[in-house]
Amino acid sequence: MKMFCYSRILFFVPFIILFCDINQVLCETSRKLSHLVNPYCNSTCGNLIMIKAEGPADVLYYVWDFDSKPTLTMFALPPHSNMSVDWDNYEKHKQKSISFTSWPFYIFGVMINNIYEFNDQDDSGILHSDAAQNIKMPSQYFNWSIGGFLDDIPSNSILYYLSADGYQHENITKTGVINITASVFGNDGHSEELPHLLHTENSSQVDLVIDNLTTSYDRSRFAIEYVTFGLNDENSKVRLSAKKTLDDENTPGVFILDTLRVGNDNDINQAHSGYLQWLPIVYTSSNKVVSNSTKTFEYDIVNATRSLSDTVLNSSLLLDLRGFPIKVVSANISFGWSGDGFYRRTNYSSWSFLIGIGSSPEPEFSMMVFLIIAIGLGFPTLIILGGTAFMIYRKVRYGD
């Protein structure tokens with residue numbers, strides 16, 4: 001009896017993987033991306049980035065506005081719709097006004113409201129709300145600017161680099177840099193750099209780096225307060241969940257995926273819901289490996305206070321939405337864990353998250369993993385079964 005040859009099996013594996021990858025590319029939906037800095041502005045302008053992502057079923061606008069607090073807003077419009085900004089209103093009243101050729105069917109966004117430095121005296125990694133040694137730094141007092149952009153045509157993505165060089169407000173002065181990389185993708189897939197988040201064509205990835213920011217304590221850690229807002233009823237559900245996975249193929253050593261979702265369960269297609277999604281890992285060096293990493297700590301979601309809701313609604317892009325139902329919530333996330341040496345050990349923290357509309361991506365085994373499992377477990381099983389059958393055949397035929 002002839003046995004299967006592993007070399008012959010392995011010969012066809014690359015072709016199977018290549019076929020699966022080509023099939024995925026051919027079948028997935030893609031968007032046409034274009035971008036503008038301070039669009040429709042003729043004279044005095046602020047800091048506004050607009051990325052248009054045109055798809056067959058809708059048009060998405062991603063708008064970064066960081067004249068005040070860094071805010072990313074996603075506008076989902078009907079196909080062939082356009083969005084414009086009234087800069088004359090900005091010159092007269094210091095308020096930007098937006099208009100649409102068709103009204104958006106959903107809006108979702110995130111604002112970086114505050115950055116905290118806290119003295120982690122007990123090395124717990126936890127930001128205590130009542131601690132006297134918490135330094136609150138409103139994000140509008142960082143000196144934000146556009147650092148450049150990359151229109152990556154081969155990967156159908158656009159990246160923008162934003163940065164803040166230092167902080168100055170009241171009696172607090174900080175040197176150092178906070179960098180933000182905002183990526184918009186026209187296709188589904190994993191980002192090229194760790195933590196290799198799985199994105200969809202309806203999401204944007206935000207990479208935030210706190211680099212060499214001066215600290216006030218030996219045991220300093222940093223945290224951010226983020227605010228999400230969506231075109232949802234005030235009674236809409238907001239859920240923060242942690243999903244476990246057995247697969248760390250893309251992000252070694254991480255087996256949990258955190259997702260914050262805003263929207264009702266009866267929205268079957270989740271077209272009127274938004275989400276933030278991240279892996280609970282912070283890299284403590286630009287060399288992103290497991291040994292240069294620590295954890296995040298997530299805190300409870302709270303409904304925004306009236307003053308915080310007004311801050312969101314008074315932001316330059318949302319003035320026209322007064323009177324519409326807006327669901328606003330906030331939460332904190334801190335960087336660092338017990339025993340990691342605190343921020344001063346490396347003076348570097350890098351955290352990444354996704355913001356998107358619709359269904360959030362779910363981790364799944366890749367075709368490569370399935371093939372490895374099939375080769376590693378399936379074929380040895382076939383050999384054992386084949387050998388057993390052959391021995392039974394010999395015993396029956398020859399009476400051995």
# chains A, B, ... in the order shown; residues from 1 in each chain; ligands from 1

$ residues_around --residues "stretch 186-195 of chain A" --least-positions-apart "6" --cutoff "7 Å" --atoms "only C-alpha atoms" --output "PyMOL selection string"
chain A and resi 29-33+156-157+201+251+288

$ residues_around --residues "stretch 343-350 of chain A" --least-positions-apart "5" --cutoff "9 Å" --atoms "only C-alpha atoms" --output "list of chain:residue names"
A:Asp207, A:Leu208, A:Val209, A:Ile210, A:Asp211, A:Asn212, A:Leu213, A:Thr214, A:Thr215, A:Tyr217, A:Asp218, A:Arg219, A:Ser220, A:Arg221, A:Phe222, A:Ile281, A:Val282, A:Tyr283, A:Thr284, A:Ser285, A:Ser286, A:Ser293, A:Phe335, A:Gly336

$ select_by_dssp --residues "stretch 76-209 of chain A" --states "alpha helix (DSSP H)" --output "list in words"
Trp87, Asp88, Asn89, Tyr90, Glu91, Lys92 and His93 of chain A

$ atom_distance --atom1 "atom CA of A:Pro380" --atom2 "atom CA of A:Phe255"
28.4 Å

$ select_by_dssp --residues "stretch 99-330 of chain A" --states "strand (DSSP E or B)" --output "MDAnalysis selection string"
chainID A and resid 99:100 106:119 134:138 142:152 157:169 172:185 189:190 198:199 203:211 220:230 238:244 256:262 274:278 281:283 293:298 302:303 327:330

$ closest_residue --among "A:Asn250, A:Ser102, A:Asn332, A:Asn235" --to "A:Val302" --atoms "only C-alpha atoms"
A:Asn332

$ closest_residue --among "A:Tyr40, A:Trp337, A:Phe353, A:Tyr106" --to "A:Gln277" --atoms "only C-alpha atoms"
A:Phe353

$ closest_residue --among "A:Ala57, A:Leu72, A:Ala331, A:Ile355" --to "A:Leu318" --atoms "only C-alpha atoms"
A:Leu72

$ atom_distance --atom1 "atom CA of A:His80" --atom2 "atom CA of A:Glu54"
7.8 Å

$ residues_around --residues "A:Val110" --least-positions-apart "3" --cutoff "9 Å" --atoms "only C-alpha atoms" --output "PyMOL selection string"
chain A and resi 70-74+226-230+276+355

$ residues_around --residues "A:Leu308" --least-positions-apart "4" --cutoff "10 Å" --atoms "only C-alpha atoms" --output "tab-separated table (two decimals) with N, CA, C and O atoms, in the first residue's frame"
chain	number	residue	atom	x	y	z
A	113	ASN	N	-10.52	63.86	25.29
A	113	ASN	CA	-10.94	64.98	26.12
A	113	ASN	C	-9.86	65.46	27.08
A	113	ASN	O	-9.55	66.65	27.14
A	227	VAL	N	-14.14	60.38	24.75
A	227	VAL	CA	-15.58	60.61	24.70
A	227	VAL	C	-16.08	60.12	23.34
A	227	VAL	O	-15.51	60.47	22.31
A	303	ASN	N	-22.26	57.99	31.53
A	303	ASN	CA	-22.96	58.96	30.69
A	303	ASN	C	-22.37	60.34	30.91
A	303	ASN	O	-22.05	60.73	32.03
A	304	ALA	N	-22.19	61.07	29.84
A	304	ALA	CA	-21.54	62.37	29.93
A	304	ALA	C	-22.38	63.35	30.73
A	304	ALA	O	-23.62	63.32	30.70
A	312	VAL	N	-19.04	68.68	23.56
A	312	VAL	CA	-19.08	67.91	22.31
A	312	VAL	C	-19.95	68.62	21.29
A	312	VAL	O	-19.55	68.82	20.13
A	313	LEU	N	-21.14	69.04	21.70
A	313	LEU	CA	-22.06	69.67	20.76
A	313	LEU	C	-21.59	71.04	20.31
A	313	LEU	O	-21.94	71.50	19.22
A	314	ASN	N	-20.79	71.70	21.13
A	314	ASN	CA	-20.27	73.01	20.75
A	314	ASN	C	-19.01	72.91	19.90
A	314	ASN	O	-18.49	73.93	19.46
A	328	VAL	N	-23.91	60.52	24.20
A	328	VAL	CA	-22.55	60.89	24.56
A	328	VAL	C	-22.15	60.15	25.83
A	328	VAL	O	-22.86	60.20	26.84
A	329	VAL	N	-21.03	59.42	25.77
A	329	VAL	CA	-20.51	58.74	26.95
A	329	VAL	C	-19.00	58.98	27.02
A	329	VAL	O	-18.37	59.36	26.03
A	330	SER	N	-18.46	58.74	28.19
A	330	SER	CA	-17.01	58.91	28.36
A	330	SER	C	-16.47	57.75	29.19
A	330	SER	O	-17.20	57.07	29.91

$ atom_distance --atom1 "atom CA of A:Asp86" --atom2 "atom CA of A:Leu36"
14.6 Å

$ residues_around --residues "A:Ser81" --least-positions-apart "4" --cutoff "12 Å" --atoms "only C-alpha atoms" --output "VMD selection string"
chain A and resid 52 to 61 75 to 77 99 to 105

$ residues_around --residues "A:Ser139" --least-positions-apart "5" --cutoff "7 Å" --atoms "only C-alpha atoms" --output "number ranges by chain"
A: 69, 112-115

$ closest_atom_pairs --of "stretch 274-323 of chain A" --to "stretch 240-249 of chain A" --cutoff "10 Å" --atoms "only C-alpha atoms" --output "CSV"
residue,atom,partner,partner_atom,distance
A:Tyr275,CA,A:Leu240,CA,9.5
A:Leu276,CA,A:Leu240,CA,9.2
A:Gln277,CA,A:Leu240,CA,9.5
A:Trp278,CA,A:Ala242,CA,9.7
A:Leu279,CA,A:Ala242,CA,9.3
A:Pro280,CA,A:Ala242,CA,9.4
A:Glu298,CA,A:Leu240,CA,9.2
A:Tyr299,CA,A:Leu240,CA,9.4
A:Asp300,CA,A:Leu240,CA,8.2
A:Ile301,CA,A:Leu240,CA,7.6
